[in-house]
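Containing mmCIF, C-alpha atoms: target03.cif.
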```cif
data_run
#
loop_
_atom_site.label_atom_id
_atom_site.label_comp_id
_atom_site.auth_asym_id
_atom_site.auth_seq_id
_atom_site.Cartn_x
_atom_site.Cartn_y
_atom_site.Cartn_z
CA MET A 399 22.99 -13.86 -12.07
CA SER A 400 21.06 -15.94 -9.53
CA GLY A 401 17.33 -15.49 -9.05
CA ALA A 402 17.89 -14.07 -5.55
CA ALA A 403 20.46 -11.57 -6.85
CA LEU A 404 18.13 -10.58 -9.69
CA ALA A 405 15.22 -10.11 -7.27
CA HIS A 406 17.43 -8.01 -4.98
CA GLN A 407 18.55 -5.88 -7.93
CA ASN A 408 14.93 -5.27 -8.95
CA LEU A 409 13.99 -4.28 -5.39
CA ASP A 410 16.80 -1.75 -5.39
CA SER A 411 16.22 -0.28 -8.86
CA ASP A 412 12.46 -0.18 -9.48
CA ALA A 413 11.20 3.35 -8.68
CA PHE A 414 7.92 2.06 -7.23
CA LEU A 415 9.68 -0.39 -4.90
CA VAL A 416 12.24 2.24 -3.85
CA ALA A 417 9.35 4.58 -3.00
CA TYR A 418 7.48 1.74 -1.26
CA ARG A 419 10.45 1.09 1.02
CA SER A 420 11.12 4.77 1.82
CA THR A 421 10.02 6.75 4.89
CA PHE A 422 6.29 7.08 5.56
CA PHE A 423 4.34 9.08 8.10
CA GLY A 424 1.33 7.69 9.92
CA VAL A 425 -2.07 9.29 9.61
CA LEU A 426 -2.97 9.16 13.27
CA SER A 427 -6.38 10.79 13.48
CA TRP A 428 -9.52 10.55 11.41
CA THR A 429 -9.30 14.33 10.92
CA GLN A 430 -5.82 13.89 9.45
CA LEU A 431 -7.22 11.26 7.09
CA ASP A 432 -9.96 13.67 5.99
CA GLU A 433 -7.25 16.23 5.17
CA LEU A 434 -5.17 13.66 3.28
CA TRP A 435 -8.16 12.67 1.15
CA ARG A 436 -8.91 16.36 0.51
CA LEU A 437 -5.33 16.92 -0.70
CA VAL A 438 -5.46 13.90 -3.02
CA LEU A 439 -8.80 14.93 -4.53
CA ALA A 440 -7.90 18.64 -4.79
CA GLU A 441 -4.99 18.16 -7.18
CA SER A 442 -6.19 19.23 -10.60
CA SER A 443 -3.34 17.40 -12.33
CA ALA A 444 -3.64 14.27 -10.21
CA SER A 445 -2.30 11.11 -11.72
CA TRP A 446 -3.03 8.47 -9.14
CA TYR A 447 -2.79 4.73 -9.66
CA VAL A 448 -5.27 2.88 -7.47
CA TYR A 449 -3.81 -0.51 -6.62
CA ALA A 450 -5.55 -3.28 -4.66
CA VAL A 451 -2.55 -5.31 -3.52
CA GLY A 452 -2.92 -8.91 -4.66
CA GLU A 453 -4.78 -7.93 -7.81
CA ILE A 454 -3.08 -7.24 -11.14
CA PRO A 455 -1.43 -3.81 -10.83
CA PRO A 456 -3.18 -1.13 -12.87
CA ILE A 457 -1.48 0.12 -16.02
CA SER A 458 -3.32 3.44 -16.12
CA VAL A 459 -4.20 6.11 -13.61
CA ALA A 460 -7.70 6.46 -12.22
CA ASN A 461 -9.82 9.29 -13.55
CA SER A 462 -11.14 11.83 -11.03
CA SER A 463 -14.51 10.07 -10.76
CA GLU A 464 -12.90 6.65 -10.10
CA LEU A 465 -10.54 8.18 -7.57
CA GLY A 466 -13.42 9.90 -5.77
CA VAL A 467 -15.47 6.69 -5.61
CA PHE A 468 -12.46 4.72 -4.35
CA ILE A 469 -11.67 7.22 -1.60
CA ARG A 470 -15.29 7.56 -0.51
CA LYS A 471 -15.90 3.81 -0.35
CA LEU A 472 -12.53 3.01 1.24
CA ASP A 473 -12.95 5.74 3.84
CA SER A 474 -16.34 4.28 4.77
CA LEU A 475 -14.87 0.76 5.00
CA LEU A 476 -11.94 1.89 7.18
CA ARG A 477 -14.16 3.78 9.62
CA LYS A 478 -16.64 0.90 9.86
CA GLU A 479 -14.11 -1.92 10.25
CA HIS A 480 -11.35 -0.15 12.20
CA GLN A 481 -13.51 0.83 15.15
CA GLU A 482 -10.93 2.87 17.01
CA SER A 483 -10.87 6.50 18.06
CA TYR A 484 -7.74 6.91 15.92
CA CYS A 485 -6.84 6.03 12.34
CA GLY A 486 -3.27 4.67 12.44
CA ILE A 487 -3.63 2.34 9.42
CA VAL A 488 -2.87 4.82 6.62
CA TYR A 489 0.66 6.01 5.84
CA ALA A 490 1.82 8.68 3.38
CA ASP A 491 5.24 9.64 2.09
CA ASP A 492 4.37 13.30 2.75
CA LEU A 493 1.31 14.44 4.69
CA LYS A 494 1.18 17.86 2.96
CA HIS A 495 2.14 16.82 -0.60
CA PRO A 496 1.49 13.07 -0.86
CA SER A 497 2.59 11.02 -3.84
CA PHE A 498 2.47 7.53 -2.28
CA ILE A 499 -0.09 6.30 0.24
CA LYS A 500 -0.28 2.87 1.88
CA ILE A 501 -3.62 1.80 3.32
CA PHE A 502 -3.65 -1.29 5.52
CA ASP A 503 -6.60 -3.62 5.70
CA PRO A 504 -8.15 -3.50 9.20
CA HIS A 505 -8.43 -7.30 9.07
CA ASN A 506 -4.75 -7.90 8.20
CA LEU A 507 -2.78 -5.49 10.35
CA GLY A 508 -0.03 -7.68 11.79
CA SER A 509 2.73 -5.27 12.78
CA THR A 510 2.48 -2.30 10.45
CA CYS A 511 4.60 -0.18 12.78
CA GLY A 512 7.79 -2.09 11.98
CA SER A 513 8.37 -3.91 15.25
CA SER A 514 8.28 -7.24 13.44
CA LYS A 515 10.64 -8.48 10.75
CA ILE A 516 7.69 -9.72 8.71
CA LYS A 517 5.38 -6.86 7.86
CA PRO A 518 2.04 -7.38 6.15
CA LEU A 519 1.56 -5.83 2.75
CA PRO A 520 -0.94 -2.99 2.60
CA GLY A 521 -4.40 -3.74 1.29
CA TRP A 522 -4.40 -0.77 -1.08
CA ILE A 523 -1.96 1.75 -2.47
CA LEU A 524 -2.45 5.14 -4.06
CA SER A 525 0.66 6.07 -6.00
CA LYS A 526 1.78 8.50 -8.65
CA LEU A 527 4.24 5.83 -9.81
CA PRO A 528 3.07 2.82 -11.81
CA PRO A 529 2.76 -0.05 -9.32
CA VAL A 530 4.39 -3.45 -9.54
CA ASP A 531 3.10 -6.77 -8.23
CA LEU A 532 3.97 -6.48 -4.52
CA PRO A 533 3.25 -10.11 -3.56
CA GLY A 534 5.60 -11.14 -6.38
CA ALA A 535 8.27 -8.66 -5.27
CA PHE A 536 8.10 -9.80 -1.64
CA PRO A 537 7.46 -13.55 -1.78
CA ALA A 538 6.48 -15.56 1.27
CA PRO A 539 9.34 -16.61 3.58
CA ASN A 540 11.02 -19.88 2.56
CA ASN A 541 9.66 -21.74 5.58
CA ARG A 542 6.10 -20.99 4.42
CA ARG A 543 6.90 -21.99 0.84
CA ARG A 544 8.41 -25.26 2.03
CA TRP A 545 5.33 -25.87 4.18
CA TRP A 546 3.05 -25.21 1.20
CA GLN A 547 5.09 -27.42 -1.11
CA THR A 548 4.89 -30.38 1.30
CA LEU A 549 1.27 -29.89 2.29
CA PHE A 550 -0.24 -32.24 -0.30
CA ASN A 551 2.71 -34.59 -0.88
#
```
Entire entry expressed as structure tokens:
Amino acid sequence: MSGAALAHQNLDSDAFLVAYRSTFFGVLSWTQLDELWRLVLAESSASWYVYAVGEIPPISVANSSELGVFIRKLDSLLRKEHQESYCGIVYADDLKHPSFIKIFDPHNLGSTCGSSKIKPLPGWILSKLPPVDLPGAFPAPNNRRRWWQTLFN
């Protein structure tokens, strides 16, 4: 099987990637974001992986203290650096019972709404599924790889 066919098969069969590519709902207001964080932190049996996209994916879930620190610090960063009256950079698979949350970096938004064929990866993900290396699963377009390969030759 070719590398492209193998990569396509993995994108279609890995539970994390299937969930990543499913339908998400935007958290439009800061009040909605407060409620989302409350729901995540309120689950007594929470098993959330905290994944900074581009870093090595975690192999274990965050404990409640780590999750609380992450949410508190990330919330502060988003409000400071995304100086808008609306949120619009956080997406959840379900706003009432979330199990997968994408958080986009305010400094790398591109077209998160889907109007572009090339969408930026989120900066962070909270997931109840073990994450996979997203940059490895969605490599740069061939034209960028060719550019990089010829840059120093």
Practice task
Could you tell me which of A:Leu475, A:Leu431, A:Leu519, A:Ala535 comes closest to Val488 of chain A if we count all atoms listed in the file?
Solution key: A:Leu431
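Applied to the file shown here, the PyMOL selection byres ((chain A and resi 416-426) around 7) selects the residues Leu409, Asp410, Ser411, Asp412, Ala413, Phe414, Leu415, Ser427, Trp428, Gln430, Leu431, Tyr484, Cys485, Gly486, Val488, Tyr489, Ala490, Asp491 and Asp492 of chain A.
Atom CA of Ile523 of chain A is positioned 6.1 Å from atom CA of Val448 of chain A.
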Handout entry: Atom-to-atom span, atom CA of Phe536 of chain A and atom CA of Pro520 of chain A, Å
Key =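 It comes out at 12.1 Å.
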Using all atoms of segment 412-428 of chain A that appear in the file, construct an axis-aligned enclosing box with 5 Å of padding on every side and provide its centre coordinates and edge lengths in Å, rounded to one decimal, as AutoDock Vina command-line options.
```
--center_x 1.5 --center_y 5.2 --center_z 2.0 --size_x 32.0 --size_y 21.2 --size_z 33.0
```
Exercise for the section: Just give me the residues with any atom within 7 Å of (-0.4, 4.7, -0.7), file coordinates, counting all atoms listed in the file, written as a PyMOL selection string. Expected result: chain A and resi 489-490+498-501+522-525
Exercise for the section: Go through A:Pro504, A:Pro496, A:Leu439, A:Val451 one by one, measure the shortest atom-to-atom distance of each to Ser463 of chain A using all atoms listed in the file, and give the residue with the smallest value. Expected result: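 Between A:Pro504, A:Pro496, A:Leu439, A:Val451, the residue approaching Ser463 of chain A most closely is A:Leu439.
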Handout entry: Residue nearest Glu433 of chain A - candidates A:Leu532, A:Leu527, A:Leu465, A:Leu493, atoms counted: all atoms listed in the file
Key = A:Leu493
Practice task
Extract, using all atoms listed in the file, all DNA, RNA and protein residues at most 8 Å from Val459 of chain A, discarding same-chain residues fewer than 6 positions from it, and format them as a PyMOL selection string.
Solution key: chain A and resi 445-448
May I ask you to restore N, CA and C atoms in segment 457-493 of chain A and write the result as a PDB file, in the frame of the given file?
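Once everything was written out, this is part.pdb:
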```
ATOM      1  N   ILE A 457      -2.440  -0.432 -15.058  1.00  0.00           N
ATOM      2  CA  ILE A 457      -1.480   0.120 -16.020  1.00  0.00           C
ATOM      3  C   ILE A 457      -1.822   1.562 -16.379  1.00  0.00           C
ATOM      4  N   SER A 458      -2.961   2.038 -15.873  1.00  0.00           N
ATOM      5  CA  SER A 458      -3.320   3.440 -16.120  1.00  0.00           C
ATOM      6  C   SER A 458      -3.822   4.064 -14.828  1.00  0.00           C
ATOM      7  N   VAL A 459      -3.752   5.380 -14.792  1.00  0.00           N
ATOM      8  CA  VAL A 459      -4.200   6.110 -13.610  1.00  0.00           C
ATOM      9  C   VAL A 459      -5.726   6.144 -13.576  1.00  0.00           C
ATOM     10  N   ALA A 460      -6.253   6.342 -12.383  1.00  0.00           N
ATOM     11  CA  ALA A 460      -7.700   6.460 -12.220  1.00  0.00           C
ATOM     12  C   ALA A 460      -8.136   7.858 -12.657  1.00  0.00           C
ATOM     13  N   ASN A 461      -9.307   7.951 -13.252  1.00  0.00           N
ATOM     14  CA  ASN A 461      -9.820   9.290 -13.550  1.00  0.00           C
ATOM     15  C   ASN A 461     -10.373   9.882 -12.251  1.00  0.00           C
ATOM     16  N   SER A 462     -10.730  11.148 -12.270  1.00  0.00           N
ATOM     17  CA  SER A 462     -11.140  11.830 -11.030  1.00  0.00           C
ATOM     18  C   SER A 462     -12.398  11.194 -10.431  1.00  0.00           C
ATOM     19  N   SER A 463     -13.300  10.719 -11.264  1.00  0.00           N
ATOM     20  CA  SER A 463     -14.510  10.070 -10.760  1.00  0.00           C
ATOM     21  C   SER A 463     -14.157   8.747 -10.056  1.00  0.00           C
ATOM     22  N   GLU A 464     -13.322   7.931 -10.702  1.00  0.00           N
ATOM     23  CA  GLU A 464     -12.900   6.650 -10.100  1.00  0.00           C
ATOM     24  C   GLU A 464     -12.162   6.884  -8.787  1.00  0.00           C
ATOM     25  N   LEU A 465     -11.296   7.874  -8.773  1.00  0.00           N
ATOM     26  CA  LEU A 465     -10.540   8.180  -7.570  1.00  0.00           C
ATOM     27  C   LEU A 465     -11.482   8.613  -6.441  1.00  0.00           C
ATOM     28  N   GLY A 466     -12.452   9.448  -6.764  1.00  0.00           N
ATOM     29  CA  GLY A 466     -13.420   9.900  -5.770  1.00  0.00           C
ATOM     30  C   GLY A 466     -14.239   8.749  -5.199  1.00  0.00           C
ATOM     31  N   VAL A 467     -14.698   7.857  -6.064  1.00  0.00           N
ATOM     32  CA  VAL A 467     -15.470   6.690  -5.610  1.00  0.00           C
ATOM     33  C   VAL A 467     -14.600   5.814  -4.719  1.00  0.00           C
ATOM     34  N   PHE A 468     -13.361   5.547  -5.139  1.00  0.00           N
ATOM     35  CA  PHE A 468     -12.460   4.720  -4.350  1.00  0.00           C
ATOM     36  C   PHE A 468     -12.258   5.310  -2.955  1.00  0.00           C
ATOM     37  N   ILE A 469     -11.936   6.581  -2.891  1.00  0.00           N
ATOM     38  CA  ILE A 469     -11.670   7.220  -1.600  1.00  0.00           C
ATOM     39  C   ILE A 469     -12.912   7.212  -0.717  1.00  0.00           C
ATOM     40  N   ARG A 470     -14.041   7.528  -1.282  1.00  0.00           N
ATOM     41  CA  ARG A 470     -15.290   7.560  -0.510  1.00  0.00           C
ATOM     42  C   ARG A 470     -15.631   6.171   0.049  1.00  0.00           C
ATOM     43  N   LYS A 471     -15.549   5.167  -0.794  1.00  0.00           N
ATOM     44  CA  LYS A 471     -15.900   3.810  -0.350  1.00  0.00           C
ATOM     45  C   LYS A 471     -14.851   3.251   0.621  1.00  0.00           C
ATOM     46  N   LEU A 472     -13.573   3.499   0.351  1.00  0.00           N
ATOM     47  CA  LEU A 472     -12.530   3.010   1.240  1.00  0.00           C
ATOM     48  C   LEU A 472     -12.602   3.704   2.592  1.00  0.00           C
ATOM     49  N   ASP A 473     -12.828   5.000   2.590  1.00  0.00           N
ATOM     50  CA  ASP A 473     -12.950   5.740   3.840  1.00  0.00           C
ATOM     51  C   ASP A 473     -14.081   5.154   4.695  1.00  0.00           C
ATOM     52  N   SER A 474     -15.198   4.863   4.059  1.00  0.00           N
ATOM     53  CA  SER A 474     -16.340   4.280   4.770  1.00  0.00           C
ATOM     54  C   SER A 474     -15.967   2.909   5.342  1.00  0.00           C
ATOM     55  N   LEU A 475     -15.288   2.087   4.547  1.00  0.00           N
ATOM     56  CA  LEU A 475     -14.870   0.760   5.000  1.00  0.00           C
ATOM     57  C   LEU A 475     -13.912   0.865   6.191  1.00  0.00           C
ATOM     58  N   LEU A 476     -12.920   1.753   6.097  1.00  0.00           N
ATOM     59  CA  LEU A 476     -11.940   1.890   7.180  1.00  0.00           C
ATOM     60  C   LEU A 476     -12.609   2.319   8.481  1.00  0.00           C
ATOM     61  N   ARG A 477     -13.489   3.283   8.407  1.00  0.00           N
ATOM     62  CA  ARG A 477     -14.160   3.780   9.620  1.00  0.00           C
ATOM     63  C   ARG A 477     -15.096   2.738  10.224  1.00  0.00           C
ATOM     64  N   LYS A 478     -15.720   1.938   9.368  1.00  0.00           N
ATOM     65  CA  LYS A 478     -16.640   0.900   9.860  1.00  0.00           C
ATOM     66  C   LYS A 478     -15.874  -0.266  10.478  1.00  0.00           C
ATOM     67  N   GLU A 479     -14.791  -0.697   9.822  1.00  0.00           N
ATOM     68  CA  GLU A 479     -14.110  -1.920  10.250  1.00  0.00           C
ATOM     69  C   GLU A 479     -12.928  -1.691  11.190  1.00  0.00           C
ATOM     70  N   HIS A 480     -12.432  -0.475  11.258  1.00  0.00           N
ATOM     71  CA  HIS A 480     -11.350  -0.150  12.200  1.00  0.00           C
ATOM     72  C   HIS A 480     -11.968   0.724  13.290  1.00  0.00           C
ATOM     73  N   GLN A 481     -12.708   0.102  14.165  1.00  0.00           N
ATOM     74  CA  GLN A 481     -13.510   0.830  15.150  1.00  0.00           C
ATOM     75  C   GLN A 481     -12.635   1.300  16.317  1.00  0.00           C
ATOM     76  N   GLU A 482     -11.801   2.259  16.007  1.00  0.00           N
ATOM     77  CA  GLU A 482     -10.930   2.870  17.010  1.00  0.00           C
ATOM     78  C   GLU A 482     -11.157   4.372  16.978  1.00  0.00           C
ATOM     79  N   SER A 483     -10.742   5.047  18.024  1.00  0.00           N
ATOM     80  CA  SER A 483     -10.870   6.500  18.060  1.00  0.00           C
ATOM     81  C   SER A 483      -9.794   7.186  17.229  1.00  0.00           C
ATOM     82  N   TYR A 484      -8.847   6.409  16.728  1.00  0.00           N
ATOM     83  CA  TYR A 484      -7.740   6.910  15.920  1.00  0.00           C
ATOM     84  C   TYR A 484      -7.701   6.149  14.605  1.00  0.00           C
ATOM     85  N   CYS A 485      -6.995   6.705  13.627  1.00  0.00           N
ATOM     86  CA  CYS A 485      -6.840   6.030  12.340  1.00  0.00           C
ATOM     87  C   CYS A 485      -5.684   5.043  12.449  1.00  0.00           C
ATOM     88  N   GLY A 486      -4.451   5.498  12.228  1.00  0.00           N
ATOM     89  CA  GLY A 486      -3.270   4.670  12.440  1.00  0.00           C
ATOM     90  C   GLY A 486      -3.043   3.532  11.459  1.00  0.00           C
ATOM     91  N   ILE A 487      -3.824   3.432  10.381  1.00  0.00           N
ATOM     92  CA  ILE A 487      -3.630   2.340   9.420  1.00  0.00           C
ATOM     93  C   ILE A 487      -3.385   2.870   8.006  1.00  0.00           C
ATOM     94  N   VAL A 488      -3.176   4.180   7.898  1.00  0.00           N
ATOM     95  CA  VAL A 488      -2.870   4.820   6.620  1.00  0.00           C
ATOM     96  C   VAL A 488      -1.544   5.551   6.785  1.00  0.00           C
ATOM     97  N   TYR A 489      -0.671   5.408   5.784  1.00  0.00           N
ATOM     98  CA  TYR A 489       0.660   6.010   5.840  1.00  0.00           C
ATOM     99  C   TYR A 489       0.927   6.720   4.513  1.00  0.00           C
ATOM    100  N   ALA A 490       1.512   7.918   4.583  1.00  0.00           N
ATOM    101  CA  ALA A 490       1.820   8.680   3.380  1.00  0.00           C
ATOM    102  C   ALA A 490       3.286   9.088   3.383  1.00  0.00           C
ATOM    103  N   ASP A 491       3.845   9.209   2.194  1.00  0.00           N
ATOM    104  CA  ASP A 491       5.240   9.640   2.090  1.00  0.00           C
ATOM    105  C   ASP A 491       5.408  11.099   2.499  1.00  0.00           C
ATOM    106  N   ASP A 492       4.352  11.886   2.368  1.00  0.00           N
ATOM    107  CA  ASP A 492       4.370  13.300   2.750  1.00  0.00           C
ATOM    108  C   ASP A 492       2.929  13.677   3.076  1.00  0.00           C
ATOM    109  N   LEU A 493       2.686  14.147   4.278  1.00  0.00           N
ATOM    110  CA  LEU A 493       1.310  14.440   4.690  1.00  0.00           C
ATOM    111  C   LEU A 493       0.757  15.724   4.072  1.00  0.00           C
TER     112      LEU A 493
END
```
